Each structure stands twice: as structure tokens, then as C-alpha cells.
Protein chains: 2
Amino acid sequence: MIISPPPIQTDFHFDILYQSKRSRARVGRIYTPHGIIDTPNFVAVGTNGSLKALHNHDLQDLQLMFCNTYHFMVQPGTALVKQAGGLHRFISRNQPIITDSGGFQVFSLAYGQVAKELKGQGGKKHANSVLKISEEGVLFRSYRDGAKIFLSPETSVQAQKDLGADIIIPLDELLPFHVDAEKLNASFKRTHRWELRSLHAHLQQRQQQAMFAVVHGGTNVELRQQSCAILTKEDFDGFAIGGSLGCDHEQLLTTVAATTPCLPIEKPIHLLGIGDLPAMSQCITHGIDTFDSSYPTKAGRHGMLLAKNGPVKILQSKYAADFSPIEEHCPCITCTHYSRAYLHHLFKANEPSSASLATAHNLSFMLRWMAQRRLDILCGLI
Amino acid sequence: MIISPPPIQTDFHFDILYQSKRSRARVGRIYTPHGIIDTPNFVAVGTNGSLKALHNHDLQDLQLMFCNTYHFMVQPGTALVKQAGGLHRFISRNQPIITDSGGFQVFSLAYGQVAKELKGQGGKKHANSVLKISEEGVLFRSYRDGAKIFLSPETSVQAQKDLGADIIIPLDELLPFHVDAEKLNASFKRTHRWELRSLHAHLQQRQQQAMFAVVHGGTNVELRQQSCAILTKEDFDGFAIGGSLGCDHEQLLTTVAATTPCLPIEKPIHLLGIGDLPAMSQCITHGIDTFDSSYPTKAGRHGMLLAKNGPVKILQSKYAADFSPIEEHCPCITCTHYSRAYLHHLFKANEPSSASLATAHNLSFMLRWMAQRRLDILCGLI
């Protein structure tokens, strides 16, 4: 018999528990119908409703999980998830979930690897899966069965209503990194029209969900500020910084630093797709509350184990006879039971459990790293 | 800090708690230095010291795990495991472990897929990894790095001493299914010489380990009985039925039925490599106490989920919207949290957690199936 999730707890709101006097950093709490998210915090990516290599009751400390609407639209379909009683029930996660609009993946397919482009690594155009982009929305083909799927602000929101995540995202348009001013400007305007249409659709059937607007404008500080001016006039519950964040650490920080002061202090701010420690460390001082990234899970599956003194590349031969844990005082299931030598062996032998143990450690590391940042803010160090 | 295993509990012995009056079936307990094995029971295969897709603290109910000496010889080397404090400590398993001699894998490589041949499915000869077979032992090349490894009764036992499993197996020679009488006879004699050399090597440094002899003779009942006559004269702690068991269910049962009455009633009997329910059901009535097989774990990874009314092939589209668990009253982590529809989705999406959840269920099923057999014996039904 499948154990039912507990009843919904509270409506969405954000409390700031402590505001740093040294920076924009703050310690807060996001209340959602499925529980609390302490901020600053890390949001792990479970694209298809499961972290890769861990199931949803393996890691109870994860306060917020990021699922991808695009993937659920393609498989098994959001209507089926609705029929199951919503995403929490379907995937058996009783804690908060955030879904995106599906736009990122659709445009990824349109422009090659948008993610790479966002990071300034170039990328080739593979427009074949996107059939048509218009004011109305995007028509694309499912990578799974070739079926035509229409993604518009309204269909994206409807999909996210079916899924029923605690936090949802309006449809936006992502442009590749290198485009001329005219194209950027047209995209900039349309993405905001789409966000407002998404908000309108959302507010017609709120369902206790919160919607975070996505701030755009690429690395153009003026456009970022314009974006904030447009979006902060509307009834969004929080903000996510999206779009191109430049091609290096400096551009990322400049962009974030110029954006967060234009957002209302009383609402939570998410930074989309950033998970490296130095970047997160600095972005926290600019007032970012949550970060999502597949980095710790992906890195773990490839044998890169996070540790205070820099990552342990467990496949290196120096770990073959190292009988200490990844990190001496780490409380995770991996470090309390298994040595580096055993993990090295599992990776060498291509045992699937290597991915689970590495993922469990890396996420535990990220969550503890964030807990330490919260303490640092409270202690006046950040 | 890695939690140390508890101290060793007891020396090896076997207690029969109840002997069926209807058959040779019995309910027993195998006591080992790392805990008790209730019999009849199922032994899951963790070739490299980990069940595929589950780590060693995921499934606490598994009383005995089967590890493959050959794989540990090749990677990371049994000397390294010894240096780690033995297999239990290296893989962080505080419950009983059985290791084989390494012979099966070496001869598998020599004769193509011995496993297939044992089941009468034919197989091609790939002798290139075995360099030389002599009275002394087998010289073979590591599949990993091409290093030459010499496997003899003495080196196999030494490897198993390094590993330190609770139950170990003497080196035997496996012949393919279709050989002439002369070859079978020569192999038959040599395999028994190897087993006695193995026992001799073992008894020189017992280390609280038990050694189970391997009964040979293929499907020739007379040879099986001769094998029992030779082996039961020696100081083995238990017996395993190995070698070719024929090409169908009938031959398997005939062979087992002719063999177990020639073995001492007071010692445990293991059947090597058999894990299908109808075969196990009948073999229990012939007095088999333990069975190992990679079937439930492998089947699980391929979406075949065991259930009382026959396996659930979870990738079938009829499960896409089936919100019930695999089995309604199954207490496993999978059935208490996830629906068939979600599992169907995870398998369709190739999520690695599908393998973990399927494996957890299938092993839970096997262990509960065995617990039910023990009850059936106690209730006089078997």
C-alpha cells in the first residue's frame, strides 16, 4: 500500500529572519504548501521526477527539488500526472518542488545547447525539433515520439497546474548568447509579454502555487534593470534571474550585482542554473536566496566528489588504497560507511551503486555548505 | 568517520530447527562469524562487493551475499582488500558473505559462456583469455589490464583468505555441457583433486571460515553419487551442488533429487546459480538450504518486477496509468512509496533510480518468498 503524503501545510510566503549588515545577504525561510525552504539553499535537479541515481526517499534533507515541465510534457504527459493526484503524489515527494516553464529545453533544442551558449561556449544551431516560433508560442516535436507539442504561456502554465509544484515559472524566450541588438530587443519585449500572459493564466487558478518571474536582459545591465522594472510591477511571488549570464565569473557577478538591487527586498530571488561554489558564495552576498544546478549530481556520477579542500577525483590511483572516507566528519550515508578505496573500486568496476553513493555525498555536501553559509550570515561573516 | 563493524559473533555451525515429515525440506539456521542465515534462503549476488544499483546498507534483510573472487582478484586485488581489513570491512557489510573460488569465471572465459552452456543453450569457444590449464591450476589474463594471473587451489584459497568471507568454495573445474565421456571423466577426477588441495590449504589457516565442497558429475547420477562419496569423507562444512545441471527443469530436478540423499543430513546444502521460483520450490523439497542467482537483480534492472501472480513487465503500456504499487501488501521501500505508473515512467525515461527501486523490490520479494517457504515447512505443507 502506498503511503499517502501529509496534508498541505501553509500558503506561500517568505520571511527574512536576518538581514546582513555587510551585504545584501540574508537568512530566510520560504513557506510553501509542502514545507519550508531555509535560505540561502541549494535546489537539486530531478528532471524526470527523480534525482539521477537516488530515489525520492533517499535524501530527506533536500528541501526543494527542481523538475522539468518539458520532460513531463513529453513523458508521461502532465495530464497523467494530474490524474495521479499531482507531481508530489506521482513521484512520492512530500517536500517542496519547483517546475520550470519548459521553455529552456525547447529553446535548447532550437539553438543547439543553449546552456553552453549561456556560458559563452558557443554552440551549433539544431533547429529541426522546433517547428515554429510565433507571438503565440512555440510548436515543437517531442524527441520521444515525434508528436507535435505547442508550448505557449497558457499551455506552459496549464502543464504546471497539472503538475502542481509549489513554485512555478512563466514561459520565457531564451536567445543564444551572440545576437544583434535588434534581435535581442525583440526577444526582450516578447519574453516579457509571455511572462505577463503566464502570470495572468496562473492567477486565474492559483491553486496555492507561487510564480517566480524570470528577469532577462542578458549581460546588458540596463536591460536587466528594465526587466526588473517591468516585472516588479506585477503580482509575482518571487524572482528568478535567467537568460544569458555572460561567459565568465566576472560577467555573472556584474549581472547579478546590478540586478538584485532592482528587486523588492521582501521577495525571494532564485538564480537559475548556477551551482559552483565560488559563484554561489559571491551571489549570496548580492542577495540570491536559492540556486539550482545539476552540477553536484552530474559531477558525482563522473567520480568528482565534493570536499572542503577541493573535489576528490575518486578514479585517481592515489585513492585505490585510501581507507578514509571522502570527508572525515561528513555525516552522509557514504562517508559514514564507505572508504575512498571502496568508492574507487566501485567506479573502476562500473558498479551503478557508485553513482548513488557519489550523488548522496555531493548533495549532502551542498546542503551542508548552504547551512554553513546561513550560519556565516547570522554570525556577521558575510 | 566510517562506522566500524561489530565484533565477530560466533563460529560456523548449522542447526536444523525442523525437519519436514513429507520431504527432505528443513528449516534451519546457519551461524557464521557475521550473523545468522535462516534457511531455506536466497543469496543475492554482489559480484564486485555491491548489489548492482543498491549499496550495502540499502537492504538490511539480506542475510547472505555472494561475491566473486575472480572479480576481486582482477580489481582491486585481494591483497588490497586484506589491507582494508577484509571484505566485510572493505565493502561495509556486517552480515555474512560467501565467495566462490574464481574458477567459474575463468572457465566461463575459456569456454565462452559456461553459464549458458550449463543451461544447455550452447555457446562459442573463446579460449583466448585462458593461457594454460594444467594439473597445477589455470593461468589466465586479466580482462582489465592483461596481467597474467595464476589460479590454483592454493592461490584461490589464499585469495579467499585475504577476502575473509564467512563461507568459501574450493577451486573446481567446469567443463562445457557437451563433452565426451573420457574428457568428462578426466575433468571429474581433477576437480576432486583440486577440491581436496583447496581444503588442505584452507585447514592450514582456518580463520573462522567455513568451506563448502562443490559436488560435480554433470547430469550423470552415478558420477554425482561418486562425487558425494569422495567429498563427504572430508572435513567440509557444507556442500554446494555445481557443474552442469542439465538443459531443462526435469534434468535439474533429477540431478538434485539424486544428489542430496548422498549428502549428510546435518550439513547445509547450497545450489549454485539457480533462482527461478518453480525450480527453487521443488529443490527445497529435496533438501536444498540456500540458492544464489543474479536473476532477481538482473530481471529488475530490465523492468521485470516479481509478484505473486507472475512478474509485472513494467514497461508495458498498461502500467502507464496504474497508480497501484507493484504488489498491494509488499512492505518494501518501492511498494510503500511508488506506483507502477511512476516506475513505468522512470523506466521509460531511463532514470537510474528505476534500477534501484526494481532491485529493492525484487530482492524483498525473494526474501519474503523464502520466509514463506520456511513457514510452509513448519506448517507441514512442504
# chains A, B, ... in the order shown; residues from 1 in each chain; ligands from 1
call {"tool": "interface_residues", "arguments": {"of": "chain B", "to": "chain A", "cutoff": "7 Å", "atoms": "only C-alpha atoms", "output": "ChimeraX atom specification"}}
result
/B:1-3,52-55,76,80,84,90-92,321,323,325,328-329,335-338,342,345,351-353
call {"tool": "write_last_selection", "arguments": {"atoms": "N, CA and C atoms", "output": "compact mmCIF listing (two decimals), in the first residue's frame"}}
result
# COMPACT_ATOMS: atom_id res chain seq x y z
N MET B 1 33.57 9.98 9.52
CA MET B 1 34.20 8.82 10.15
C MET B 1 33.42 7.56 9.79
N ILE B 2 34.13 6.56 9.33
CA ILE B 2 33.47 5.33 8.93
C ILE B 2 33.15 4.48 10.17
N ILE B 3 31.90 4.09 10.27
CA ILE B 3 31.46 3.29 11.42
C ILE B 3 32.05 1.88 11.30
N LYS B 52 24.13 -4.71 -7.75
CA LYS B 52 24.00 -3.69 -8.79
C LYS B 52 22.84 -2.78 -8.40
N ALA B 53 23.09 -1.48 -8.39
CA ALA B 53 22.06 -0.46 -8.17
C ALA B 53 21.63 -0.27 -6.71
N LEU B 54 22.17 -1.07 -5.79
CA LEU B 54 21.89 -0.82 -4.36
C LEU B 54 23.22 -0.83 -3.62
N HIS B 55 23.35 0.03 -2.62
CA HIS B 55 24.57 -0.07 -1.83
C HIS B 55 24.31 -0.96 -0.62
N PRO B 76 39.96 -4.86 -6.97
CA PRO B 76 41.22 -4.11 -6.81
C PRO B 76 42.39 -4.99 -6.41
N LEU B 80 44.74 -5.97 -1.48
CA LEU B 80 44.26 -4.65 -1.06
C LEU B 80 43.06 -4.80 -0.12
N ALA B 84 42.60 -3.61 3.74
CA ALA B 84 41.46 -2.82 4.24
C ALA B 84 40.85 -3.45 5.48
N PHE B 90 35.86 -3.76 3.96
CA PHE B 90 36.09 -3.01 2.71
C PHE B 90 34.77 -2.57 2.08
N ILE B 91 33.80 -3.50 2.05
CA ILE B 91 32.53 -3.17 1.38
C ILE B 91 31.47 -2.69 2.37
N SER B 92 31.84 -2.63 3.65
CA SER B 92 30.92 -2.19 4.70
C SER B 92 29.65 -3.04 4.76
N ALA B 321 -0.76 4.21 -16.49
CA ALA B 321 -1.68 4.95 -15.62
C ALA B 321 -2.17 4.07 -14.47
N PHE B 323 -1.93 3.33 -10.85
CA PHE B 323 -1.41 4.02 -9.67
C PHE B 323 -1.32 3.13 -8.43
N PRO B 325 0.64 0.01 -6.26
CA PRO B 325 2.04 -0.43 -6.15
C PRO B 325 2.25 -1.75 -6.92
N GLU B 328 0.29 -5.12 -3.70
CA GLU B 328 -0.53 -4.33 -2.77
C GLU B 328 0.00 -4.35 -1.32
N HIS B 329 0.43 -5.50 -0.83
CA HIS B 329 0.82 -5.56 0.59
C HIS B 329 2.32 -5.72 0.79
N CYS B 335 7.31 -0.44 -2.97
CA CYS B 335 5.84 -0.59 -2.93
C CYS B 335 5.17 0.32 -1.91
N THR B 336 5.89 0.72 -0.87
CA THR B 336 5.27 1.60 0.12
C THR B 336 5.31 3.07 -0.31
N HIS B 337 6.03 3.38 -1.38
CA HIS B 337 6.14 4.78 -1.80
C HIS B 337 5.79 5.08 -3.25
N TYR B 338 5.95 4.10 -4.13
CA TYR B 338 5.86 4.43 -5.55
C TYR B 338 4.87 3.52 -6.28
N TYR B 342 4.54 5.39 -11.84
CA TYR B 342 5.79 6.14 -11.65
C TYR B 342 6.98 5.28 -12.09
N HIS B 345 7.17 5.19 -15.73
CA HIS B 345 7.74 6.47 -16.18
C HIS B 345 9.26 6.49 -16.01
N GLU B 351 15.75 6.57 -16.12
CA GLU B 351 16.29 7.11 -14.88
C GLU B 351 16.99 5.99 -14.10
N PRO B 352 18.23 6.23 -13.65
CA PRO B 352 18.94 5.18 -12.91
C PRO B 352 18.20 4.72 -11.65
N SER B 353 17.39 5.59 -11.05
CA SER B 353 16.69 5.17 -9.84
C SER B 353 15.69 4.04 -10.13
call {"tool": "residues_around", "arguments": {"residues": "His286 in chain A", "least_positions_apart": "4", "cutoff": "8 Å", "atoms": "only C-alpha atoms", "output": "ChimeraX atom specification"}}
result
/A:23-25,256-257,260,282
call {"tool": "select_by_dssp", "arguments": {"residues": "range 164-329 of chain A", "states": "helix (DSSP H, G or I)", "output": "CSV table (one decimal) with C-alpha atoms, in the first residue's frame"}}
result
chain,number,residue,atom,x,y,z
A,181,ALA,CA,20.8,44.4,-30.7
A,182,GLU,CA,17.6,44.3,-32.8
A,183,LYS,CA,17.0,40.6,-32.2
A,184,LEU,CA,17.8,40.9,-28.5
A,185,ASN,CA,15.4,43.8,-28.2
A,186,ALA,CA,12.6,41.9,-29.9
A,187,SER,CA,13.2,38.9,-27.8
A,188,PHE,CA,13.4,41.0,-24.7
A,189,LYS,CA,10.0,42.5,-25.4
A,190,ARG,CA,8.3,39.2,-26.3
A,191,THR,CA,9.7,37.4,-23.3
A,192,HIS,CA,8.1,39.9,-21.0
A,193,ARG,CA,4.8,39.8,-22.9
A,194,TRP,CA,4.9,36.0,-22.4
A,195,GLU,CA,5.7,36.3,-18.7
A,196,LEU,CA,2.7,38.6,-18.2
A,197,ARG,CA,0.4,36.2,-20.1
A,198,SER,CA,1.8,33.4,-18.0
A,199,LEU,CA,1.0,35.3,-14.8
A,200,HIS,CA,-2.5,36.1,-16.0
A,201,ALA,CA,-3.1,32.4,-16.7
A,202,HIS,CA,-1.7,31.5,-13.3
A,203,LEU,CA,-3.8,34.0,-11.3
A,221,VAL,CA,22.8,45.9,-17.2
A,222,GLU,CA,20.3,48.5,-18.5
A,223,LEU,CA,18.1,45.8,-20.0
A,224,ARG,CA,18.3,43.8,-16.7
A,225,GLN,CA,17.1,46.9,-14.9
A,226,GLN,CA,14.3,47.5,-17.4
A,227,SER,CA,13.3,43.8,-16.9
A,228,CYS,CA,13.1,44.3,-13.2
A,229,ALA,CA,11.1,47.5,-13.6
A,230,ILE,CA,8.5,45.6,-15.8
A,231,LEU,CA,8.3,42.5,-13.6
A,249,HIS,CA,32.6,34.6,-13.5
A,250,GLU,CA,33.1,38.4,-13.7
A,251,GLN,CA,30.1,38.9,-16.1
A,252,LEU,CA,27.9,36.7,-14.0
A,253,LEU,CA,28.7,38.7,-10.8
A,254,THR,CA,28.3,42.0,-12.6
A,255,THR,CA,25.0,41.0,-13.9
A,256,VAL,CA,23.7,39.6,-10.6
A,257,ALA,CA,25.1,42.6,-8.7
A,258,ALA,CA,23.3,45.0,-11.0
A,259,THR,CA,20.0,43.1,-10.9
A,260,THR,CA,19.2,42.2,-7.3
A,261,PRO,CA,19.1,45.9,-6.0
A,262,CYS,CA,16.2,46.4,-8.5
A,277,LEU,CA,30.8,27.2,-5.0
A,278,PRO,CA,32.8,30.4,-5.7
A,279,ALA,CA,30.0,31.9,-7.8
A,280,MET,CA,27.3,30.9,-5.2
A,281,SER,CA,29.4,32.3,-2.4
A,282,GLN,CA,29.5,35.7,-4.1
A,283,CYS,CA,26.0,35.7,-5.3
A,284,ILE,CA,24.7,35.1,-1.8
A,285,THR,CA,26.3,38.5,-0.8
A,295,TYR,CA,26.5,20.1,-11.3
A,296,PRO,CA,26.8,18.2,-8.0
A,297,THR,CA,24.8,15.2,-9.2
A,298,LYS,CA,26.4,15.1,-12.6
A,299,ALA,CA,29.9,15.6,-11.2
A,300,GLY,CA,29.2,12.8,-8.7
A,301,ARG,CA,28.2,10.3,-11.4
A,317,SER,CA,45.0,5.8,-8.5
A,318,LYS,CA,46.1,7.5,-5.3
A,319,TYR,CA,42.7,6.7,-3.8
call {"tool": "residues_around", "arguments": {"residues": "range 95-100 of chain A", "least_positions_apart": "6", "cutoff": "6 Å", "atoms": "only C-alpha atoms", "output": "PyMOL selection string"}}
result
chain A and resi 34-35+64-69+165-169
call {"tool": "closest_atom_pairs", "arguments": {"of": "range 24-131 of chain B", "to": "range 155-159 of chain B", "cutoff": "8 Å", "atoms": "only C-alpha atoms", "output": "JSON lines"}}
result
{"residue": "B:Thr69", "atom": "CA", "partner": "B:Ala159", "partner_atom": "CA", "distance": 7.1}
{"residue": "B:Met73", "atom": "CA", "partner": "B:Ala159", "partner_atom": "CA", "distance": 7.2}
{"residue": "B:Thr78", "atom": "CA", "partner": "B:Ala159", "partner_atom": "CA", "distance": 5.7}
{"residue": "B:Ala79", "atom": "CA", "partner": "B:Ala159", "partner_atom": "CA", "distance": 7.7}
{"residue": "B:Ser101", "atom": "CA", "partner": "B:Ser156", "partner_atom": "CA", "distance": 5.6}
{"residue": "B:Gly102", "atom": "CA", "partner": "B:Ser156", "partner_atom": "CA", "distance": 6.8}
call {"tool": "select_by_dssp", "arguments": {"residues": "range 142-246 of chain B", "states": "strand (DSSP E or B)", "output": "list in words"}}
result
Lys148, Ile149, Phe150, Leu151, Ile167, Ile168, Ala210, Met211, Phe212, Ala213, Val214, Val215, Gly238, Phe239, Ala240 and Ile241 of chain B
call {"tool": "write_last_selection", "arguments": {"atoms": "C-alpha atoms", "output": "PDB file, in the first residue's frame"}}
result
ATOM      1  CA  LYS B 148      48.752 -12.832 -16.058  1.00  0.00           C
ATOM      2  CA  ILE B 149      47.004 -14.342 -13.035  1.00  0.00           C
ATOM      3  CA  PHE B 150      47.574 -17.912 -11.860  1.00  0.00           C
ATOM      4  CA  LEU B 151      44.599 -19.591 -10.264  1.00  0.00           C
ATOM      5  CA  ILE B 167      31.846 -19.234   3.603  1.00  0.00           C
ATOM      6  CA  ILE B 168      34.372 -20.075   0.897  1.00  0.00           C
ATOM      7  CA  ALA B 210      33.670 -22.455   6.559  1.00  0.00           C
ATOM      8  CA  MET B 211      34.345 -24.263   3.277  1.00  0.00           C
ATOM      9  CA  PHE B 212      31.573 -25.807   1.200  1.00  0.00           C
ATOM     10  CA  ALA B 213      32.641 -28.544  -1.232  1.00  0.00           C
ATOM     11  CA  VAL B 214      31.238 -28.440  -4.757  1.00  0.00           C
ATOM     12  CA  VAL B 215      29.530 -31.646  -5.888  1.00  0.00           C
ATOM     13  CA  GLY B 238      28.709 -27.808   3.856  1.00  0.00           C
ATOM     14  CA  PHE B 239      28.094 -28.729   0.233  1.00  0.00           C
ATOM     15  CA  ALA B 240      27.249 -26.845  -2.918  1.00  0.00           C
ATOM     16  CA  ILE B 241      25.808 -28.539  -5.977  1.00  0.00           C
TER      17      ILE B 241
END
call {"tool": "residues_around", "arguments": {"residues": "Phe14 in chain B", "least_positions_apart": "5", "cutoff": "9 Å", "atoms": "only C-alpha atoms", "output": "PyMOL selection string"}}
result
chain B and resi 28-32+237-238+266-268
call {"tool": "write_last_selection", "arguments": {"atoms": "C-alpha atoms", "output": "compact mmCIF listing (two decimals), in the first residue's frame"}}
result
# COMPACT_ATOMS: atom_id res chain seq x y z
CA GLY B 28 17.48 -24.35 9.70
CA ARG B 29 19.92 -21.73 10.80
CA ILE B 30 23.46 -21.28 9.57
CA TYR B 31 25.53 -19.49 12.21
CA THR B 32 28.53 -17.59 10.90
CA ASP B 237 31.39 -27.61 6.50
CA GLY B 238 28.71 -27.81 3.86
CA GLU B 266 23.36 -32.39 9.28
CA LYS B 267 25.26 -30.12 6.88
CA PRO B 268 23.87 -27.23 4.81
call {"tool": "closest_residue", "arguments": {"among": "A:Pro40, A:Gly103, A:Gly243, A:Pro33", "to": "Gln19 in chain A", "atoms": "only C-alpha atoms"}}
result
A:Pro40
call {"tool": "residues_around", "arguments": {"residues": "Phe347 in chain A", "least_positions_apart": "6", "cutoff": "8 Å", "atoms": "only C-alpha atoms", "output": "list in words"}}
result
Gly303, Ile314, Leu315 and Ser354 of chain A
